[in-house]
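Heads up, target-v5.cif below (mmCIF, C-alpha atoms and all ligand atoms):
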data_query
#
loop_
_atom_site.label_atom_id
_atom_site.label_comp_id
_atom_site.auth_asym_id
_atom_site.auth_seq_id
_atom_site.Cartn_x
_atom_site.Cartn_y
_atom_site.Cartn_z
CA MET A 25 -65.72 9.81 20.96
CA LYS A 26 -64.99 13.16 19.40
CA PHE A 27 -64.66 16.28 21.50
CA LYS A 28 -63.49 19.87 21.31
CA ALA A 29 -60.81 21.44 23.49
CA PHE A 30 -59.24 24.88 23.03
CA ASN A 31 -61.18 25.25 19.79
CA VAL A 32 -59.46 22.17 18.35
CA ASP A 33 -61.55 19.18 17.26
CA PHE A 34 -60.25 15.80 18.38
CA LYS A 35 -61.56 12.51 16.94
CA ASN A 36 -60.48 10.80 20.12
CA PRO A 37 -58.07 11.46 23.01
CA VAL A 38 -55.29 9.15 21.75
CA ILE A 39 -52.08 10.95 20.74
CA LEU A 40 -48.83 9.59 19.36
CA ALA A 41 -46.00 10.85 21.62
CA SER A 42 -42.97 12.78 20.44
CA GLY A 43 -39.88 10.69 19.70
CA PRO A 44 -40.37 6.94 19.27
CA TRP A 45 -42.03 7.22 15.83
CA TRP A 46 -39.62 10.02 14.76
CA TYR A 47 -41.23 11.65 11.69
CA GLY A 48 -42.97 8.59 10.40
CA GLU A 49 -40.29 7.15 8.11
CA GLU A 50 -40.69 3.53 9.21
CA TYR A 51 -44.36 3.81 10.05
CA PHE A 52 -46.02 5.05 6.85
CA GLY A 53 -48.38 2.27 5.77
CA LYS A 54 -48.14 0.68 9.23
CA ILE A 55 -49.71 3.17 11.64
CA ASP A 56 -52.88 4.82 10.29
CA PHE A 57 -52.15 8.30 11.67
CA GLN A 58 -55.61 9.54 10.67
CA LYS A 59 -57.31 7.19 13.13
CA LEU A 60 -55.61 9.01 16.03
CA GLY A 61 -56.61 12.19 17.86
CA GLY A 62 -53.20 13.70 17.19
CA ILE A 63 -49.58 12.97 16.36
CA THR A 64 -46.60 14.72 17.95
CA PHE A 65 -43.45 15.12 15.89
CA LYS A 66 -40.04 14.48 17.46
CA SER A 67 -38.74 17.62 19.18
CA LEU A 68 -37.16 20.20 16.90
CA THR A 69 -34.21 22.48 17.58
CA LYS A 70 -33.13 25.45 15.45
CA ASN A 71 -30.26 23.57 13.80
CA GLU A 72 -29.99 19.95 12.81
CA ARG A 73 -28.59 17.74 15.60
CA ILE A 74 -26.95 14.41 14.94
CA GLY A 75 -27.59 13.32 18.52
CA ASN A 76 -25.42 11.21 20.82
CA PRO A 77 -23.07 8.54 19.47
CA PRO A 78 -24.60 5.06 19.22
CA PRO A 79 -25.89 2.98 20.92
CA ASN A 80 -28.97 5.17 21.37
CA ILE A 81 -31.80 2.80 22.19
CA LEU A 82 -32.11 -0.48 24.05
CA ILE A 83 -35.43 -2.32 24.18
CA GLU A 84 -36.01 -4.80 27.01
CA ASP A 85 -39.20 -6.52 28.21
CA PHE A 86 -40.44 -3.73 30.48
CA VAL A 87 -38.08 -0.84 29.82
CA VAL A 88 -36.96 1.09 26.77
CA TYR A 89 -33.71 2.96 27.44
CA ASN A 90 -32.86 5.90 25.23
CA SER A 91 -29.95 8.24 24.81
CA VAL A 92 -30.93 9.83 21.52
CA GLY A 93 -29.80 13.34 22.45
CA LEU A 94 -32.43 15.34 20.57
CA LYS A 95 -31.41 14.02 17.15
CA ASN A 96 -33.55 15.99 14.68
CA PRO A 97 -33.36 17.67 11.27
CA GLY A 98 -33.76 21.24 12.57
CA VAL A 99 -36.72 23.57 12.06
CA GLU A 100 -35.99 24.64 8.44
CA LYS A 101 -35.59 21.11 7.09
CA PHE A 102 -38.74 20.04 8.98
CA ILE A 103 -40.70 22.86 7.34
CA LYS A 104 -39.43 22.07 3.84
CA GLU A 105 -39.19 18.28 3.83
CA ILE A 106 -41.32 16.74 6.56
CA TYR A 107 -44.34 18.96 7.13
CA PRO A 108 -45.53 18.67 3.47
CA LYS A 109 -45.90 14.89 3.91
CA PHE A 110 -48.35 15.42 6.76
CA GLU A 111 -50.17 18.70 6.08
CA ASN A 112 -53.14 17.10 4.34
CA MET A 113 -53.67 14.40 6.93
CA ASP A 114 -56.94 14.40 8.81
CA THR A 115 -55.51 14.39 12.33
CA ASN A 116 -54.12 17.03 14.67
CA LEU A 117 -50.45 17.75 14.03
CA ILE A 118 -48.50 18.71 17.14
CA CYS A 119 -45.08 20.28 16.85
CA SER A 120 -42.72 19.61 19.74
CA ILE A 121 -40.17 22.35 20.27
CA ALA A 122 -36.84 22.07 22.06
CA GLY A 123 -33.99 24.51 22.43
CA HIS A 124 -30.58 25.11 23.95
CA SER A 125 -31.70 28.40 25.47
CA GLU A 126 -34.99 30.02 26.45
CA ASP A 127 -34.83 32.30 23.41
CA GLU A 128 -34.22 29.42 21.01
CA PHE A 129 -37.60 27.93 22.00
CA LEU A 130 -39.26 31.20 21.01
CA GLU A 131 -37.31 31.58 17.79
CA ASN A 132 -38.31 28.04 16.75
CA LEU A 133 -41.94 28.68 17.68
CA GLU A 134 -42.04 31.87 15.60
CA LYS A 135 -40.98 29.94 12.48
CA LEU A 136 -43.22 26.93 13.07
CA ASN A 137 -46.20 29.13 13.87
CA ASN A 138 -46.45 29.93 10.15
CA LEU A 139 -47.46 26.32 9.42
CA GLU A 140 -51.21 26.51 9.06
CA LYS A 141 -51.99 22.85 9.75
CA ILE A 142 -50.16 22.57 13.06
CA SER A 143 -52.96 22.47 15.67
CA LEU A 144 -50.97 22.63 18.90
CA PHE A 145 -47.42 23.28 20.08
CA GLU A 146 -45.63 21.28 22.74
CA LEU A 147 -42.71 22.83 24.59
CA ASN A 148 -40.30 20.07 25.54
CA LEU A 149 -38.89 21.62 28.70
CA SER A 150 -37.76 18.21 29.95
CA CYS A 151 -35.29 16.50 27.61
CA PRO A 152 -33.30 14.02 29.74
CA ASN A 153 -30.51 13.39 27.21
CA VAL A 154 -28.86 16.74 26.59
CA GLU A 155 -26.82 19.03 28.84
CA GLY A 156 -29.13 21.67 30.32
CA GLY A 157 -32.31 20.14 28.86
CA LEU A 158 -34.33 20.28 32.08
CA PHE A 159 -35.82 23.79 31.84
CA CYS A 160 -38.86 22.45 33.69
CA TYR A 161 -37.06 22.70 37.05
CA ASN A 162 -36.30 26.41 36.68
CA LYS A 163 -39.22 28.69 37.50
CA PHE A 164 -37.72 31.68 35.64
CA SER A 165 -37.20 29.65 32.45
CA ILE A 166 -40.74 28.25 32.57
CA LYS A 167 -42.30 31.68 33.08
CA TYR A 168 -40.18 33.35 30.40
CA ILE A 169 -40.68 30.66 27.76
CA VAL A 170 -44.40 30.08 28.31
CA GLU A 171 -45.43 33.74 28.69
CA ASN A 172 -43.58 34.71 25.52
CA ALA A 173 -44.77 31.64 23.62
CA LYS A 174 -48.35 32.72 24.35
CA LYS A 175 -47.59 36.11 22.80
CA ILE A 176 -46.26 34.46 19.63
CA THR A 177 -49.03 31.95 18.90
CA LYS A 178 -52.79 31.77 19.28
CA LYS A 179 -52.62 27.97 19.11
CA PRO A 180 -52.80 25.96 22.35
CA ILE A 181 -49.55 25.39 24.20
CA ILE A 182 -48.65 22.13 25.91
CA VAL A 183 -45.79 22.13 28.41
CA LYS A 184 -44.02 18.80 28.83
CA PHE A 185 -42.60 18.00 32.24
CA ALA A 186 -40.21 15.42 33.62
CA PRO A 187 -41.93 13.23 36.23
CA GLU A 188 -39.28 13.27 38.96
CA GLY A 189 -39.26 15.22 42.20
CA GLU A 190 -41.65 17.82 43.58
CA ILE A 191 -42.97 19.27 40.34
CA LEU A 192 -46.37 20.70 41.33
CA HIS A 193 -44.90 24.11 42.04
CA PHE A 194 -43.32 24.22 38.57
CA ILE A 195 -46.55 23.05 36.95
CA GLU A 196 -48.40 25.85 38.72
CA ILE A 197 -45.96 28.37 37.23
CA ALA A 198 -46.53 26.93 33.74
CA LEU A 199 -50.31 27.18 34.20
CA ASN A 200 -50.13 30.71 35.56
CA SER A 201 -47.91 31.68 32.63
CA GLY A 202 -50.57 30.53 30.18
CA SER A 203 -49.89 26.85 29.49
CA ASP A 204 -53.12 25.28 28.21
CA ILE A 205 -52.20 21.62 28.70
CA ILE A 206 -49.64 19.85 30.87
CA ASN A 207 -47.90 16.78 29.46
CA LEU A 208 -46.85 14.20 32.08
CA GLY A 209 -44.45 13.26 31.09
CA ASN A 210 -41.05 12.80 29.66
CA SER A 211 -38.74 9.84 30.30
CA PRO A 212 -37.29 9.81 33.81
CA ILE A 213 -33.49 9.54 34.02
CA GLY A 214 -31.91 6.19 34.80
CA ILE A 215 -28.87 4.13 33.97
CA LYS A 216 -28.16 0.84 32.25
CA ILE A 217 -25.04 -1.18 33.00
CA ASP A 218 -23.55 -3.40 30.33
CA VAL A 219 -22.80 -6.49 32.42
CA GLU A 220 -20.62 -8.20 29.84
CA ASN A 221 -18.32 -5.19 29.47
CA LYS A 222 -18.64 -4.04 33.11
CA LYS A 223 -19.42 -0.42 32.18
CA PRO A 224 -22.37 1.90 31.58
CA TYR A 225 -24.22 0.95 28.39
CA PHE A 226 -24.56 4.49 27.02
CA HIS A 227 -21.77 7.00 26.35
CA ARG A 228 -23.54 9.69 28.34
CA VAL A 229 -23.83 7.18 31.23
CA PHE A 230 -27.32 8.31 32.31
CA CYS A 231 -30.24 7.83 29.94
CA GLY A 232 -33.97 8.32 29.63
CA TYR A 233 -36.13 5.28 30.28
CA SER A 234 -39.71 4.58 29.34
CA GLY A 235 -42.20 1.79 28.77
CA LYS A 236 -44.17 -0.27 31.30
CA ALA A 237 -41.73 0.48 34.14
CA VAL A 238 -42.59 4.20 34.28
CA LYS A 239 -46.39 3.97 34.55
CA PRO A 240 -46.87 4.05 38.35
CA LEU A 241 -44.46 6.98 38.73
CA ILE A 242 -46.10 9.13 36.05
CA LEU A 243 -49.64 8.07 36.93
CA LYS A 244 -49.01 9.42 40.45
CA LYS A 245 -47.97 12.78 38.98
CA VAL A 246 -51.15 12.87 36.89
CA PHE A 247 -53.21 12.09 40.00
CA GLU A 248 -51.48 14.83 42.04
CA THR A 249 -51.63 17.40 39.25
CA TYR A 250 -55.31 16.80 38.59
CA LYS A 251 -56.07 16.93 42.32
CA ALA A 252 -54.25 20.26 42.69
CA PHE A 253 -55.26 22.09 39.50
CA LYS A 254 -58.01 20.21 37.58
CA CYS A 255 -56.15 21.29 34.44
CA PRO A 256 -56.06 19.55 31.05
CA ILE A 257 -53.37 16.84 31.17
CA ILE A 258 -51.78 14.51 28.65
CA GLY A 259 -51.03 11.20 30.40
CA LEU A 260 -47.93 9.64 28.87
CA GLY A 261 -45.81 6.78 30.18
CA GLY A 262 -46.14 3.04 29.81
CA ILE A 263 -49.51 2.98 28.05
CA PHE A 264 -49.78 -0.36 26.25
CA ASP A 265 -53.49 -1.15 26.33
CA ILE A 266 -56.98 0.17 27.10
CA ASN A 267 -56.62 -0.49 30.84
CA ASP A 268 -53.46 1.61 31.02
CA ALA A 269 -55.27 4.36 29.10
CA LEU A 270 -58.30 4.19 31.42
CA GLU A 271 -56.07 4.38 34.50
CA TYR A 272 -54.63 7.66 33.21
CA ILE A 273 -58.08 9.03 32.32
CA PHE A 274 -59.51 8.05 35.71
CA ALA A 275 -56.49 9.69 37.40
CA GLY A 276 -57.12 12.97 35.54
CA ALA A 277 -55.81 12.82 31.97
CA MET A 278 -57.85 14.43 29.19
CA PHE A 279 -55.52 12.87 26.58
CA VAL A 280 -53.57 9.63 26.57
CA SER A 281 -50.33 9.43 24.65
CA ILE A 282 -48.44 6.41 23.38
CA GLY A 283 -44.65 6.34 23.05
CA SER A 284 -42.47 3.23 23.42
CA ALA A 285 -45.36 0.76 23.05
CA ILE A 286 -45.06 1.04 19.26
CA TYR A 287 -41.69 -0.72 19.47
CA TYR A 288 -43.50 -3.83 20.70
CA ASP A 289 -46.53 -3.54 18.41
CA TYR A 290 -47.08 -0.50 16.17
CA LYS A 291 -50.84 -1.18 16.06
CA ILE A 292 -51.24 -0.45 19.81
CA PRO A 293 -52.34 3.21 19.39
CA GLU A 294 -55.09 2.29 16.90
CA LYS A 295 -56.14 -0.69 19.06
CA ILE A 296 -56.53 1.61 22.06
CA VAL A 297 -58.77 3.94 19.99
CA GLN A 298 -60.97 0.98 19.01
CA ASP A 299 -61.05 -0.46 22.55
CA LEU A 300 -61.89 2.94 24.03
CA GLU A 301 -64.75 3.32 21.60
CA ASN A 302 -66.11 -0.10 22.61
CA TYR A 303 -65.65 0.71 26.30
CA LEU A 304 -67.55 4.00 26.01
CA LYS A 305 -70.36 2.28 24.10
CA LYS A 306 -70.64 -0.34 26.84
CA GLU A 307 -70.76 2.41 29.48
CA GLY A 308 -73.41 4.30 27.47
CA LEU A 309 -71.15 7.36 27.06
CA GLU A 310 -70.57 9.54 24.00
CA SER A 311 -67.14 10.67 25.10
CA HIS A 312 -64.60 10.03 27.83
CA LEU A 313 -64.89 13.55 29.23
CA SER A 314 -67.09 12.64 32.22
CA LEU A 315 -64.56 9.98 33.22
CA ILE A 316 -61.60 12.35 33.56
CA GLY A 317 -60.31 12.31 37.13
CA ILE A 318 -63.12 10.09 38.42
CA ALA A 319 -60.76 8.02 40.58
CA THR A 320 -58.93 11.08 41.87
CA LYS A 321 -62.15 12.89 42.84
CA SER A 322 -63.35 9.87 44.80
CA SER A 323 -60.04 9.18 46.55
CA SER A 324 -59.63 9.74 50.27
CA LEU A 325 -56.47 11.85 49.85
C1 LIG A 401 -36.43 6.86 21.38
C2 LIG A 401 -37.17 7.91 22.12
C3 LIG A 401 -37.05 9.24 21.71
C4 LIG A 401 -37.75 10.24 22.37
N1 LIG A 401 -37.64 11.53 21.92
C5 LIG A 401 -38.40 12.51 22.49
C6 LIG A 401 -38.39 13.84 21.98
O1 LIG A 401 -37.72 14.17 21.00
N2 LIG A 401 -39.18 14.75 22.60
C7 LIG A 401 -39.95 14.46 23.69
O2 LIG A 401 -40.64 15.33 24.21
N3 LIG A 401 -39.98 13.20 24.19
C8 LIG A 401 -39.23 12.23 23.62
N4 LIG A 401 -39.28 10.94 24.11
C9 LIG A 401 -40.10 10.65 25.31
C10 LIG A 401 -41.50 10.15 24.94
O3 LIG A 401 -42.25 11.10 24.24
C11 LIG A 401 -42.29 9.79 26.22
O4 LIG A 401 -42.39 10.96 27.00
C12 LIG A 401 -41.61 8.71 27.07
O5 LIG A 401 -41.07 7.72 26.23
C13 LIG A 401 -42.60 8.05 28.06
O6 LIG A 401 -43.67 7.43 27.39
P1 LIG A 401 -43.70 5.87 27.00
O7 LIG A 401 -43.45 5.09 28.27
O8 LIG A 401 -45.07 5.65 26.44
O9 LIG A 401 -42.63 5.67 25.99
C14 LIG A 401 -38.56 9.92 23.48
C15 LIG A 401 -38.67 8.59 23.89
C16 LIG A 401 -37.98 7.59 23.24
C17 LIG A 401 -38.12 6.17 23.71
#

Represent the structure from my file as structure tokens, please.
Ligand SMILES: Cc1cc2nc3c(=O)[nH]c(=O)nc-3n(C[C@H](O)[C@H](O)[C@H](O)COP(=O)(O)O)c2cc1C
Amino acid sequence: MKFKAFNVDFKNPVILASGPWWYGEEYFGKIDFQKLGGITFKSLTKNERIGNPPPNILIEDFVVYNSVGLKNPGVEKFIKEIYPKFENMDTNLICSIAGHSEDEFLENLEKLNNLEKISLFELNLSCPNVEGGLFCYNKFSIKYIVENAKKITKKPIIVKFAPEGEILHFIEIALNSGSDIINLGNSPIGIKIDVENKKPYFHRVFCGYSGKAVKPLILKKVFETYKAFKCPIIGLGGIFDINDALEYIFAGAMFVSIGSAIYYDYKIPEKIVQDLENYLKKEGLESHLSLIGIATKSSSL
């Protein structure tokens, strides 16, 4: 199942998404991180952020609502206290970077770029839960951040997009500015009403939502992005089993990423790795690479 992309070796295409597993705390000894192709840390800002006031997360059958508000320890504390717990792990470590301004992204990247064992950087240009977090809808911000990020690091850059609206034009700018991989995508923005109290459930009123409910929306963006650009894509949104993962691969994803599913069963990422291996064996394939975009290429659109 192993493959190489951008000079990085991947055991498999299954990546743990930024956010739901935070920095591992509750999942050491539960998820075997080394069985996965990569793990993405929760997005980091320059300074520690305590996030939005609780409640922050609500888990229902098909939807996970979140209003975390970029809660994170800040870059310095990550470097000193969190990175050392992971640096000897045999998997790809992916640092997700956020910021309150275009320059903060670059400042954070400069510091994190000194960490030898980080294999890739993800620019979270699409945080739904902070004021001004949606840099991915501003062509000047995308160009400025990505072009300068490429000057700072030789490691591959992933740009993470929100899945709403006409985003192909913005993705094209990210690719032309040097983005190596496109992540589709972040949680769309929704709302939850607290029926008992007759008011919005979260303090910020609107919230990100994820889980099974977002799959058709994001899968369509993967399909359209692959059709337009044939670029490397991380498919992320509502992946709970091997069939979900295959749908994303067939639509055009080179990687499949798992977020909220771990709240229902933390073994899902490892199970998908195992099931993908069995599937490829059955199909007589050594890797999934020939399957990427197979449904999109054959579609009549
Ligand atoms: C509690 C929670 C926190 C999240 N925090 C981040 C984050 O810090 N950075 C980021 O890029 N995405 C974050 N996300 C979004 C996920 O990475 C993912 O894009 C989204 O949940 C869709 O995938 P899923 O349906 O598999 O969960 C968060 C999601 C949840 C549920």

Distance criterion (all atoms listed in the file): nearest to ligand LIG 401 (chain A) out of A:Glu190, A:Glu140, A:Glu84, A:Asp218
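Of all the options, A:Glu84 lies closest to ligand LIG 401 (chain A).
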
Box time for stretch 152-163 of chain A: axis-aligned, enclosing all its listed atoms, 3 Å extra on each side; report centre and edge lengths in Å to one decimal, as lines of an AutoDock Vina configuration file.
center_x = -33.0
center_y = 21.0
center_z = 32.0
size_x = 18.4
size_y = 21.3
size_z = 16.9

Surrounding residues of A:His227 excluding itself and chain neighbours under 6 positions, 9 Å, all atoms listed in the file, as a list of chain:residue names
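Final neighbour list, sorted by chain and number: A:Asn76, A:Pro77, A:Pro78, A:Pro79, A:Asn80, A:Ser91.
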
Just write the chosen residues, C-alpha atoms, as a PDB file, keeping the file's coordinate frame.
ATOM      1  CA  ASN A  76     -25.420  11.210  20.820  1.00  0.00           C
ATOM      2  CA  PRO A  77     -23.070   8.540  19.470  1.00  0.00           C
ATOM      3  CA  PRO A  78     -24.600   5.060  19.220  1.00  0.00           C
ATOM      4  CA  PRO A  79     -25.890   2.980  20.920  1.00  0.00           C
ATOM      5  CA  ASN A  80     -28.970   5.170  21.370  1.00  0.00           C
ATOM      6  CA  SER A  91     -29.950   8.240  24.810  1.00  0.00           C
TER       7      SER A  91
END

For A:Ala319, which of A:Leu243, A:Ile213, A:Leu300, A:Ala173 is the closest residue, counting only C-alpha atoms?
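Counting only C-alpha atoms, the residue closest to A:Ala319 is A:Leu243.
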
7 Å contact set for A:Val92, only C-alpha atoms, chain neighbours under 2 positions out, as a CSV table (one decimal) with C-alpha atoms, in the frame of the given file:
chain,number,residue,atom,x,y,z
A,75,GLY,CA,-27.6,13.3,18.5
A,76,ASN,CA,-25.4,11.2,20.8
A,80,ASN,CA,-29.0,5.2,21.4
A,90,ASN,CA,-32.9,5.9,25.2
A,94,LEU,CA,-32.4,15.3,20.6
A,95,LYS,CA,-31.4,14.0,17.2
A,153,ASN,CA,-30.5,13.4,27.2

Proximity to A:Gly235 - best of A:Ser203, A:Thr69, A:Asn112, A:Ser284, all atoms listed in the file
A:Ser284

Go through A:Leu68, A:Ile166, A:Ala275, A:Ala29 one by one, measure the shortest atom-to-atom distance of each to A:Leu136 using only C-alpha atoms, and give the residue with the smallest value.
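Closest residue, counting only C-alpha atoms: A:Leu68.
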
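For ligand LIG 401 (chain A), the protein and nucleic acid residues at most 6 Å away, judged by only C-alpha atoms and all ligand atoms, amount to Ala41, Ser42, Gly43, Pro44, Lys66, Ser67, Asn90, Leu94, Asn148, Gly209, Asn210, Ser211, Ser234, Gly235, Leu260, Gly261, Gly262, Ile263, Ile282, Gly283, Ser284 and Ala285 of chain A.
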
Write out as a list in words which residues come within 8 Å of A:Val154 when counting only C-alpha atoms, dropping same-chain ones fewer than 3 positions away.
Gly93, Leu94, Cys151 and Gly157 of chain A

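Proximity to A:Leu139 at 10 Å, evaluated using all atoms listed in the file and with sequence-adjacent residues fewer than 3 positions away removed, yields A:Ile103, A:Tyr107, A:Pro108, A:Glu111, A:Cys119, A:Glu134, A:Lys135, A:Leu136, A:Ile142, A:Ser143.
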
Please, what distance in Å, to one decimal, runs between atom CA of A:Ile258 and atom CA of A:Leu208?
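Between atom CA of A:Ile258 and atom CA of A:Leu208 the gap is 6.0 Å.
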
Select, from A:Phe226, A:Lys295, A:Lys254, A:Tyr47, the residue with the minimum atom-to-atom distance to A:Ile81, counting all atoms listed in the file.
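With all atoms listed in the file as the atom set, the closest residue is A:Phe226.
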
What is the distance, in Å and to one decimal place, between atom CA of A:Ile316 and atom CA of A:Leu149?
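Interatomic distance here is 25.0 Å.
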
Sel. within 10 Å of pt (-31.3, 25.3, 20.1), counting all atoms listed in the file, output as an NGL selection string:
:A and (68-73 or 98-99 or 121-132)

Computed interatomic separation between atom CA of A:Lys167 and atom CA of A:Ser201 (Å):
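Computing it gives 5.6 Å between the two atoms.
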
Closest of A:Phe65, A:Ala186, A:Ile296, A:Leu241 to A:Asp268 - atom-to-atom distances counting only C-alpha atoms:
A:Ile296

Taking 5 positions as the minimum chain separation for residues in the same chain, which residues sit within 12 Å of A:Ala252 when counting all atoms listed in the file? Answer as a list of chain:residue names.
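In the requested format, the answer is A:Ile191, A:Leu192, A:His193, A:Ile195, A:Glu196, A:Leu199, A:Lys245, A:Val246, A:Phe247, A:Gly276, A:Gly317, A:Thr320, A:Lys321, A:Leu325.
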
Complete stretch 39-52 of chain A at the level of N, CA and C atoms, written as a PDB file, keeping the file's coordinate frame.
ATOM      1  N   ILE A  39     -53.112  10.164  21.441  1.00  0.00           N
ATOM      2  CA  ILE A  39     -52.080  10.950  20.740  1.00  0.00           C
ATOM      3  C   ILE A  39     -50.786  10.138  20.657  1.00  0.00           C
ATOM      4  N   LEU A  40     -50.145  10.214  19.505  1.00  0.00           N
ATOM      5  CA  LEU A  40     -48.830   9.590  19.360  1.00  0.00           C
ATOM      6  C   LEU A  40     -47.789  10.542  19.980  1.00  0.00           C
ATOM      7  N   ALA A  41     -46.950  10.002  20.884  1.00  0.00           N
ATOM      8  CA  ALA A  41     -46.000  10.850  21.620  1.00  0.00           C
ATOM      9  C   ALA A  41     -44.796  11.223  20.757  1.00  0.00           C
ATOM     10  N   SER A  42     -44.159  12.307  21.152  1.00  0.00           N
ATOM     11  CA  SER A  42     -42.970  12.780  20.440  1.00  0.00           C
ATOM     12  C   SER A  42     -41.799  11.820  20.658  1.00  0.00           C
ATOM     13  N   GLY A  43     -41.136  11.442  19.575  1.00  0.00           N
ATOM     14  CA  GLY A  43     -39.880  10.690  19.700  1.00  0.00           C
ATOM     15  C   GLY A  43     -39.884   9.306  19.089  1.00  0.00           C
ATOM     16  N   PRO A  44     -40.524   8.328  19.740  1.00  0.00           N
ATOM     17  CA  PRO A  44     -40.370   6.940  19.270  1.00  0.00           C
ATOM     18  C   PRO A  44     -40.720   6.715  17.793  1.00  0.00           C
ATOM     19  N   TRP A  45     -41.674   7.446  17.242  1.00  0.00           N
ATOM     20  CA  TRP A  45     -42.030   7.220  15.830  1.00  0.00           C
ATOM     21  C   TRP A  45     -41.297   8.205  14.914  1.00  0.00           C
ATOM     22  N   TRP A  46     -40.419   9.004  15.490  1.00  0.00           N
ATOM     23  CA  TRP A  46     -39.620  10.020  14.760  1.00  0.00           C
ATOM     24  C   TRP A  46     -40.539  10.899  13.911  1.00  0.00           C
ATOM     25  N   TYR A  47     -40.354  10.861  12.587  1.00  0.00           N
ATOM     26  CA  TYR A  47     -41.230  11.650  11.690  1.00  0.00           C
ATOM     27  C   TYR A  47     -41.921  10.700  10.727  1.00  0.00           C
ATOM     28  N   GLY A  48     -42.155   9.511  11.175  1.00  0.00           N
ATOM     29  CA  GLY A  48     -42.970   8.590  10.400  1.00  0.00           C
ATOM     30  C   GLY A  48     -42.233   7.576   9.555  1.00  0.00           C
ATOM     31  N   GLU A  49     -41.022   7.963   9.094  1.00  0.00           N
ATOM     32  CA  GLU A  49     -40.290   7.150   8.110  1.00  0.00           C
ATOM     33  C   GLU A  49     -40.701   5.675   8.076  1.00  0.00           C
ATOM     34  N   GLU A  50     -40.451   4.983   9.193  1.00  0.00           N
ATOM     35  CA  GLU A  50     -40.690   3.530   9.210  1.00  0.00           C
ATOM     36  C   GLU A  50     -42.144   3.165   9.396  1.00  0.00           C
ATOM     37  N   TYR A  51     -43.000   4.156   9.647  1.00  0.00           N
ATOM     38  CA  TYR A  51     -44.360   3.810  10.050  1.00  0.00           C
ATOM     39  C   TYR A  51     -45.436   4.180   9.032  1.00  0.00           C
ATOM     40  N   PHE A  52     -45.032   4.805   7.911  1.00  0.00           N
ATOM     41  CA  PHE A  52     -46.020   5.050   6.850  1.00  0.00           C
ATOM     42  C   PHE A  52     -46.503   3.686   6.351  1.00  0.00           C
TER      43      PHE A  52
END
